[in-house]
>>> print(open('upload39.pdb').read())   # PDB, C-alpha atoms
ATOM      1  CA  MET A   1       1.209  17.753   6.222
ATOM      2  CA  MET A   2       1.105  16.515   9.807
ATOM      3  CA  ASN A   3      -1.580  14.392  11.494
ATOM      4  CA  ILE A   4      -1.731  13.331  15.135
ATOM      5  CA  TYR A   5      -3.522  10.149  16.201
ATOM      6  CA  LYS A   6      -4.333   9.486  19.861
ATOM      7  CA  GLY A   7      -5.600   6.353  21.581
ATOM      8  CA  THR A   8      -8.406   8.189  23.342
ATOM      9  CA  GLU A   9      -9.798   9.406  19.999
ATOM     10  CA  ALA A  10      -8.770   6.646  17.573
ATOM     11  CA  VAL A  11     -11.241   4.796  15.379
ATOM     12  CA  PHE A  12      -9.620   1.584  14.126
ATOM     13  CA  PRO A  13      -8.386   0.698  11.647
ATOM     14  CA  ILE A  14      -6.312   3.784  10.845
ATOM     15  CA  VAL A  15      -5.354   3.294   7.190
ATOM     16  CA  LYS A  16      -2.823   4.932   4.892
ATOM     17  CA  GLN A  17      -5.356   5.639   2.174
ATOM     18  CA  THR A  18      -3.027   5.893  -0.820
ATOM     19  CA  THR A  19       0.116   4.034  -1.841
ATOM     20  CA  ASN A  20       1.412   7.185  -3.573
ATOM     21  CA  GLU A  21       2.664   8.748  -0.349
ATOM     22  CA  ALA A  22       5.118   7.917   2.416
ATOM     23  CA  TRP A  23       4.691   8.403   6.158
ATOM     24  CA  LEU A  24       7.359   9.583   8.598
ATOM     25  CA  CYS A  25       6.038   8.403  11.949
ATOM     26  CA  GLN A  26       6.843   9.224  15.562
ATOM     27  CA  LEU A  27       5.228   7.076  18.262
ATOM     28  CA  THR A  28       5.687   9.249  21.335
ATOM     29  CA  SER A  29       3.804   7.113  23.860
ATOM     30  CA  GLY A  30       1.930   3.844  24.260
ATOM     31  CA  SER A  31       1.838   0.952  21.792
ATOM     32  CA  ILE A  32       0.195   0.107  18.461
ATOM     33  CA  HIS A  33      -0.447  -3.021  16.421
ATOM     34  CA  VAL A  34       0.217  -2.472  12.703
ATOM     35  CA  VAL A  35      -0.209  -4.435   9.481
ATOM     36  CA  ILE A  36       2.276  -3.835   6.651
ATOM     37  CA  ASN A  37       1.498  -5.667   3.400
ATOM     38  CA  ASN A  38      -0.468  -8.282   5.368
ATOM     39  CA  GLU A  39       2.302  -8.844   7.936
ATOM     40  CA  GLU A  40       1.694  -7.875  11.568
ATOM     41  CA  PHE A  41       4.023  -5.989  13.918
ATOM     42  CA  ASP A  42       3.814  -4.541  17.416
ATOM     43  CA  LEU A  43       5.454  -1.202  18.155
ATOM     44  CA  HIS A  44       5.726   0.149  21.683
ATOM     45  CA  THR A  45       7.575   2.900  23.497
ATOM     46  CA  THR A  46       9.604   2.497  26.673
ATOM     47  CA  ASN A  47      11.595   5.515  27.844
ATOM     48  CA  GLU A  48      12.083   6.795  24.312
ATOM     49  CA  ALA A  49       9.861   7.543  21.345
ATOM     50  CA  VAL A  50       9.910   5.111  18.418
ATOM     51  CA  TYR A  51      10.451   6.453  14.897
ATOM     52  CA  PHE A  52       9.525   4.506  11.781
ATOM     53  CA  ILE A  53       8.867   5.061   8.081
ATOM     54  CA  ILE A  54       6.259   3.630   5.733
ATOM     55  CA  PHE A  55       7.132   4.029   2.060
ATOM     56  CA  ASN A  56       4.975   4.597  -0.963
ATOM     57  CA  GLY A  57       3.732   1.394  -2.584
ATOM     58  CA  VAL A  58       3.267  -0.160   0.855
ATOM     59  CA  ALA A  59      -0.141  -0.958   2.330
ATOM     60  CA  PHE A  60      -0.273   0.096   5.990
ATOM     61  CA  LYS A  61      -2.886   0.220   8.725
ATOM     62  CA  ILE A  62      -3.068   0.402  12.510
ATOM     63  CA  THR A  63      -5.531  -2.182  13.773
ATOM     64  CA  ASP A  64      -5.254  -1.595  17.512
ATOM     65  CA  GLY A  65      -3.483   0.527  20.106
ATOM     66  CA  SER A  66      -3.253   1.261  23.796
ATOM     67  CA  SER A  67      -5.448   3.991  25.240
ATOM     68  CA  ASP A  68      -2.378   6.176  25.822
ATOM     69  CA  PHE A  69      -0.787   5.888  22.391
ATOM     70  CA  SER A  70       0.117   9.055  20.516
ATOM     71  CA  LEU A  71       1.383   8.966  16.944
ATOM     72  CA  ASP A  72       2.596  11.917  14.863
ATOM     73  CA  VAL A  73       2.517  11.311  11.084
ATOM     74  CA  PHE A  74       4.261  13.540   8.546
ATOM     75  CA  THR A  75       2.993  12.823   5.028
ATOM     76  CA  VAL A  76       5.368  12.962   2.059
ATOM     77  CA  ASN A  77       3.442  13.169  -1.228
ATOM     78  CA  GLN A  78       4.388  11.858  -4.674
ATOM     79  CA  ASP A  79       5.876  15.151  -5.911
ATOM     80  CA  GLN A  80       8.086  15.367  -2.838
ATOM     81  CA  LEU A  81       9.130  11.726  -3.239
ATOM     82  CA  SER A  82      10.100  12.359  -6.866
ATOM     83  CA  THR A  83      12.465  15.029  -5.574
ATOM     84  CA  LEU A  84      13.743  12.979  -2.638
ATOM     85  CA  TYR A  85      14.692   9.734  -4.354
ATOM     86  CA  PRO A  86      17.271  11.194  -6.760
ATOM     87  CA  HIS A  87      19.012  12.918  -3.843
ATOM     88  CA  LEU A  88      19.167   9.669  -1.876
ATOM     89  CA  GLY A  89      20.560   7.595  -4.735
ATOM     90  CA  SER A  90      19.667   4.113  -5.849
ATOM     91  CA  ASN A  91      21.687   2.216  -3.218
ATOM     92  CA  VAL A  92      19.866   3.953  -0.372
ATOM     93  CA  ASN A  93      16.476   3.473  -2.015
ATOM     94  CA  ALA A  94      17.215  -0.199  -2.621
ATOM     95  CA  GLY A  95      18.324  -0.606   1.002
ATOM     96  CA  PHE A  96      15.002   0.769   2.217
ATOM     97  CA  PHE A  97      12.911  -1.429  -0.056
ATOM     98  CA  ALA A  98      14.736  -4.526   1.226
ATOM     99  CA  HIS A  99      13.114  -4.102   4.658
ATOM    100  CA  ARG A 100       9.483  -4.593   5.527
ATOM    101  CA  LEU A 101       9.498  -2.354   8.595
ATOM    102  CA  ILE A 102      12.122   0.305   9.248
ATOM    103  CA  SER A 103      11.969   1.287  12.901
ATOM    104  CA  SER A 104      14.400   3.015  15.247
ATOM    105  CA  SER A 105      13.606   0.578  18.071
ATOM    106  CA  LEU A 106      16.656  -1.637  17.348
ATOM    107  CA  MET A 107      19.017   1.001  15.970
ATOM    108  CA  GLY A 108      20.639   2.167  19.178
ATOM    109  CA  LEU A 109      20.630   5.316  21.300
ATOM    110  CA  GLU A 110      22.782   7.375  18.932
ATOM    111  CA  ILE A 111      20.425   6.937  15.970
ATOM    112  CA  ASN A 112      17.386   7.432  18.190
ATOM    113  CA  GLU A 113      18.759  10.731  19.519
ATOM    114  CA  MET A 114      19.523  11.997  16.009
ATOM    115  CA  LEU A 115      15.995  11.140  14.911
ATOM    116  CA  ARG A 116      14.535  12.827  17.994
ATOM    117  CA  LEU A 117      16.263  16.089  17.084
ATOM    118  CA  ASP A 118      15.271  15.797  13.414
ATOM    119  CA  TYR A 119      11.615  15.161  14.210
ATOM    120  CA  GLN A 120      11.663  18.061  16.661
ATOM    121  CA  GLN A 121      12.736  20.335  13.800
ATOM    122  CA  LEU A 122      10.145  18.770  11.517
ATOM    123  CA  HIS A 123       7.437  19.686  14.034
ATOM    124  CA  LEU A 124       8.647  23.280  14.069
ATOM    125  CA  LEU A 125       8.773  23.523  10.277
ATOM    126  CA  ALA A 126       5.331  21.974   9.892
ATOM    127  CA  ASN A 127       3.893  24.842  11.930
ATOM    128  CA  ALA A 128       6.061  27.633  10.461
ATOM    129  CA  GLN A 129       3.868  28.443   7.474
ATOM    130  CA  SER A 130       5.400  31.873   6.795
ATOM    131  CA  LEU A 131       9.054  30.832   7.019
ATOM    132  CA  LEU A 132      11.162  31.753   3.968
ATOM    133  CA  GLU A 133      12.275  28.727   1.884
ATOM    134  CA  ARG A 134      10.259  26.489   4.221
ATOM    135  CA  ASP A 135       9.672  23.798   1.586
ATOM    136  CA  LYS A 136      13.382  23.553   0.823
ATOM    137  CA  MET A 137      14.177  23.262   4.517
ATOM    138  CA  ILE A 138      11.629  20.475   4.904
ATOM    139  CA  LEU A 139      13.114  18.694   1.872
ATOM    140  CA  HIS A 140      16.660  18.794   3.248
ATOM    141  CA  LEU A 141      15.503  17.761   6.703
ATOM    142  CA  THR A 142      13.528  14.843   5.248
ATOM    143  CA  ILE A 143      16.614  13.712   3.317
ATOM    144  CA  HIS A 144      18.598  13.865   6.566
ATOM    145  CA  ILE A 145      15.953  11.800   8.388
ATOM    146  CA  LEU A 146      15.938   9.115   5.692
ATOM    147  CA  LEU A 147      19.742   8.948   5.625
ATOM    148  CA  THR A 148      19.767   8.635   9.409
ATOM    149  CA  PHE A 149      17.402   5.682   9.142
ATOM    150  CA  TYR A 150      19.615   4.218   6.422
ATOM    151  CA  ASN A 151      22.693   4.474   8.647
ATOM    152  CA  GLY A 152      20.753   2.679  11.360
ATOM    153  CA  LEU A 153      19.816  -0.233   9.127
ATOM    154  CA  GLY A 154      23.112  -1.963   9.896
ATOM    155  CA  ARG A 155      21.810  -2.511  13.435
ATOM    156  CA  PHE A 156      18.307  -3.357  12.327
ATOM    157  CA  LYS A 157      17.276  -7.000  12.678
ATOM    158  CA  SER A 158      14.313  -7.963  10.571
ATOM    159  CA  LYS A 159      11.710 -10.346  11.881
ATOM    160  CA  GLY A 160      11.742 -12.167   8.552
ATOM    161  CA  SER A 161      15.101 -13.977   8.352
ATOM    162  CA  ASN A 162      13.609 -16.687   6.148
ATOM    163  CA  GLN A 163      14.606 -17.778   2.663
ATOM    164  CA  SER A 164      12.296 -15.306   0.932
ATOM    165  CA  PHE A 165      13.760 -12.381   2.811
ATOM    166  CA  SER A 166      17.264 -13.600   1.981
ATOM    167  CA  ILE A 167      16.373 -13.679  -1.719
ATOM    168  CA  MET A 168      15.041 -10.116  -1.530
ATOM    169  CA  LYS A 169      18.294  -8.910   0.022
ATOM    170  CA  ARG A 170      20.261 -10.621  -2.750
ATOM    171  CA  PHE A 171      17.890  -9.130  -5.337
ATOM    172  CA  TYR A 172      18.664  -5.576  -4.175
ATOM    173  CA  THR A 173      22.377  -6.361  -3.906
ATOM    174  CA  LEU A 174      22.382  -7.059  -7.646
ATOM    175  CA  PHE A 175      22.055  -3.296  -8.160
ATOM    176  CA  ASP A 176      25.523  -2.814  -6.672
ATOM    177  CA  ASP A 177      26.602  -3.852 -10.171
ATOM    178  CA  LYS A 178      25.857  -1.032 -12.622
ATOM    179  CA  ASP A 179      25.108  -3.594 -15.354
ATOM    180  CA  ALA A 180      21.845  -4.364 -13.549
ATOM    181  CA  TYR A 181      20.477  -0.951 -14.527
ATOM    182  CA  TYR A 182      20.690  -1.882 -18.204
ATOM    183  CA  HIS A 183      18.297  -4.823 -17.846
ATOM    184  CA  HIS A 184      14.565  -4.147 -17.590
ATOM    185  CA  ASP A 185      13.400  -7.749 -17.833
ATOM    186  CA  THR A 186      12.603  -9.906 -14.823
ATOM    187  CA  GLN A 187      14.252 -12.937 -16.423
ATOM    188  CA  TYR A 188      17.730 -11.380 -16.071
ATOM    189  CA  PHE A 189      17.310 -10.961 -12.297
ATOM    190  CA  ALA A 190      15.783 -14.405 -11.824
ATOM    191  CA  ASP A 191      18.737 -15.942 -13.678
ATOM    192  CA  ARG A 192      21.245 -14.032 -11.530
ATOM    193  CA  LEU A 193      19.479 -15.359  -8.426
ATOM    194  CA  ASN A 194      19.278 -18.901  -9.849
ATOM    195  CA  ILE A 195      15.505 -19.042  -9.385
ATOM    196  CA  THR A 196      12.535 -18.985 -11.749
ATOM    197  CA  VAL A 197      10.677 -15.835 -12.733
ATOM    198  CA  ARG A 198       7.559 -17.271 -11.146
ATOM    199  CA  TYR A 199       9.340 -17.837  -7.822
ATOM    200  CA  LEU A 200      10.855 -14.325  -7.889
ATOM    201  CA  PHE A 201       7.374 -12.904  -8.426
ATOM    202  CA  GLN A 202       6.072 -14.953  -5.479
ATOM    203  CA  VAL A 203       8.905 -13.785  -3.206
ATOM    204  CA  CYS A 204       8.490 -10.106  -4.099
ATOM    205  CA  LYS A 205       4.734 -10.197  -3.536
ATOM    206  CA  GLU A 206       5.226 -11.967  -0.206
ATOM    207  CA  GLU A 207       7.955  -9.651   1.077
ATOM    208  CA  VAL A 208       6.932  -6.195  -0.173
ATOM    209  CA  GLY A 209       3.540  -6.735  -1.827
ATOM    210  CA  ARG A 210       4.770  -5.709  -5.276
ATOM    211  CA  SER A 211       5.881  -7.409  -8.480
ATOM    212  CA  PRO A 212       9.597  -7.668  -9.341
ATOM    213  CA  LYS A 213       8.915  -5.690 -12.525
ATOM    214  CA  ASN A 214       7.545  -2.771 -10.465
ATOM    215  CA  LEU A 215      10.596  -2.841  -8.181
ATOM    216  CA  ILE A 216      13.071  -3.077 -11.061
ATOM    217  CA  ASN A 217      11.457  -0.137 -12.861
ATOM    218  CA  GLU A 218      11.375   1.964  -9.687
ATOM    219  CA  ILE A 219      15.053   1.394  -8.921
ATOM    220  CA  ILE A 220      16.105   2.077 -12.519
ATOM    221  CA  VAL A 221      14.045   5.257 -12.801
ATOM    222  CA  SER A 222      15.463   6.409  -9.459
ATOM    223  CA  GLU A 223      18.981   6.050 -10.847
ATOM    224  CA  ILE A 224      17.924   7.886 -14.016
ATOM    225  CA  ARG A 225      16.537  10.768 -11.926
ATOM    226  CA  HIS A 226      19.771  10.869  -9.955
ATOM    227  CA  THR A 227      21.779  11.023 -13.202
ATOM    228  CA  MET A 228      19.569  13.792 -14.585
ATOM    229  CA  LEU A 229      19.990  15.930 -11.474
ATOM    230  CA  THR A 230      23.709  15.380 -10.857
ATOM    231  CA  THR A 231      25.182  15.448 -14.382
ATOM    232  CA  GLU A 232      25.019  17.651 -17.465
ATOM    233  CA  LEU A 233      24.447  14.663 -19.777
ATOM    234  CA  SER A 234      21.842  15.231 -22.477
ATOM    235  CA  LEU A 235      18.695  13.145 -22.453
ATOM    236  CA  GLN A 236      20.008  11.288 -25.495
ATOM    237  CA  GLN A 237      23.237  10.483 -23.656
ATOM    238  CA  ILE A 238      21.290   9.284 -20.613
ATOM    239  CA  SER A 239      19.094   7.166 -22.856
ATOM    240  CA  ASN A 240      22.231   5.620 -24.360
ATOM    241  CA  ARG A 241      23.845   5.096 -20.935
ATOM    242  CA  PHE A 242      20.856   3.059 -19.769
ATOM    243  CA  GLN A 243      20.800   1.210 -23.089
ATOM    244  CA  PHE A 244      17.318   2.116 -24.270
ATOM    245  CA  PRO A 245      16.824   1.270 -27.962
ATOM    246  CA  ASP A 246      15.920   4.907 -28.729
ATOM    247  CA  GLN A 247      14.955   8.138 -26.989
ATOM    248  CA  THR A 248      11.241   7.539 -27.555
ATOM    249  CA  SER A 249      11.436   4.299 -25.552
ATOM    250  CA  PHE A 250      13.405   6.127 -22.862
ATOM    251  CA  THR A 251      10.810   8.914 -22.623
ATOM    252  CA  GLN A 252       7.915   6.467 -22.510
ATOM    253  CA  PHE A 253       9.601   4.404 -19.760
ATOM    254  CA  PHE A 254      10.363   7.474 -17.658
ATOM    255  CA  LYS A 255       6.891   8.965 -17.995
ATOM    256  CA  ARG A 256       5.207   5.634 -17.239
ATOM    257  CA  ASN A 257       7.180   5.322 -14.003
ATOM    258  CA  SER A 258       7.380   8.999 -12.964
ATOM    259  CA  GLY A 259       4.189  10.545 -14.291
ATOM    260  CA  ILE A 260       6.095  13.238 -16.205
ATOM    261  CA  THR A 261       8.534  13.287 -19.117
ATOM    262  CA  PRO A 262      12.323  13.541 -18.605
ATOM    263  CA  THR A 263      12.245  17.072 -20.014
ATOM    264  CA  GLU A 264       9.511  18.136 -17.584
ATOM    265  CA  PHE A 265      11.349  16.519 -14.669
ATOM    266  CA  ARG A 266      14.589  18.326 -15.417
ATOM    267  CA  LYS A 267      12.862  21.695 -15.816
ATOM    268  CA  ARG A 268      10.981  21.235 -12.552
ATOM    269  CA  TYR A 269      13.754  19.960 -10.293
ATOM    270  CA  LYS A 270      17.118  21.051 -11.675
TER     271      LYS A 270
END
>>> encode(input="upload39.pdb", output="structure tokens")
Amino acid sequence: MMNIYKGTEAVFPIVKQTTNEAWLCQLTSGSIHVVINNEEFDLHTTNEAVYFIIFNGVAFKITDGSSDFSLDVFTVNQDQLSTLYPHLGSNVNAGFFAHRLISSSLMGLEINEMLRLDYQQLHLLANAQSLLERDKMILHLTIHILLTFYNGLGRFKSKGSNQSFSIMKRFYTLFDDKDAYYHHDTQYFADRLNITVRYLFQVCKEEVGRSPKNLINEIIVSEIRHTMLTTELSLQQISNRFQFPDQTSFTQFFKRNSGITPTEFRKRYK
């Protein structure tokens, strides 16, 4: 779904009403003042449009904007996200969650041009209701857009270079070690970071507005989805790989964090 917001018609605040969806945004003109998980940012165009993404689980609103601002928003719902995340893989997902605002404004001309072409295609697909395999084309294009953003993150400089942000980056880096996926308790990650569970909770809430337990579960279930879609392992084998005590516990964990059972997920998406 696509929405267009314009400064001449805007009623502030403009709020992302649900945390169960993501927004792919294109600011084509003007400037806006946004709040992401209680932190404020200014986004403005110069000679080029600015592209940015707001993930699910993130509170977002636009509190002010210039009279000439124009913002195109492509909404990605929960079902689409459940399909996207396994294709991206856990490292990419973790890289996104480590940043509070992911914007093309500091990613360089090459990334900006790639995003411009991708969003141009997204516009066309959004209006091509009768196109064969349209949903699949949108899915693959969305994956390409997210991977383009991910490649641009190396040039992205976050406003928050403080200690809390540093801890969050180290927290996500822990998932470079596959052993991290076998631990579902916050204590393990706090110990690896040499901080207390209470402090880790405080940092996560401050940086991304979510508890470490929520983030751990989301990253683990993303890796499980990826395994289910890219291997022929049985559900019992996957349960064993991620060191669940039994398949019932595995099923309950997956359903609690995905909304459907592993069996339903595999039937729907593989």
>>> resolve_selection(input="upload39.pdb", expression="the PyMOL selection byres ((chain A and resi 107) around 12)", output="list in words")
Val50, Tyr51, Phe52, Ile102, Ser103, Ser104, Ser105, Leu106, Gly108, Leu109, Glu110, Ile111, Asn112, Glu113, Met114, Leu115, Thr148, Phe149, Tyr150, Asn151, Gly152, Leu153, Gly154, Arg155, Phe156, Lys157 and Ser158 of chain A
>>> closest_residue(input="upload39.pdb", among="A:Ile14, A:Pro262, A:Glu223, A:Leu235", to="A:Asp176", atoms="all atoms listed in the file")
A:Glu223
>>> closest_residue(input="upload39.pdb", among="A:Asn93, A:Leu141, A:Gln78, A:Glu21", to="A:Gly259", atoms="only C-alpha atoms")
A:Gln78
>>> closest_residue(input="upload39.pdb", among="A:Met168, A:Leu71, A:Leu81, A:Ala190", to="A:Thr142", atoms="only C-alpha atoms")
A:Leu81
>>> atom_distance(input="upload39.pdb", atom1="atom CA of A:Lys6", atom2="atom CA of A:Lys136")
29.6 Å
>>> closest_residue(input="upload39.pdb", among="A:Asn56, A:Ser70, A:Asn47, A:Gln26", to="A:Gly7", atoms="only C-alpha atoms")
A:Ser70
>>> atom_distance(input="upload39.pdb", atom1="atom CA of A:Arg266", atom2="atom CA of A:Asp135")
18.5 Å
>>> closest_residue(input="upload39.pdb", among="A:Met2, A:Met137, A:Leu131, A:Leu84", to="A:Asp72", atoms="all atoms listed in the file")
A:Met2
>>> resolve_selection(input="upload39.pdb", expression="the PyMOL selection byres ((chain A and resi 199) around 12)", output="list in words")
Gln163, Ser164, Ile167, Met168, Thr186, Gln187, Phe189, Ala190, Asp191, Leu193, Asn194, Ile195, Thr196, Val197, Arg198, Leu200, Phe201, Gln202, Val203, Cys204, Lys205, Glu206, Ser211 and Pro212 of chain A
>>> atom_distance(input="upload39.pdb", atom1="atom CA of A:His33", atom2="atom CA of A:Phe74")
18.9 Å
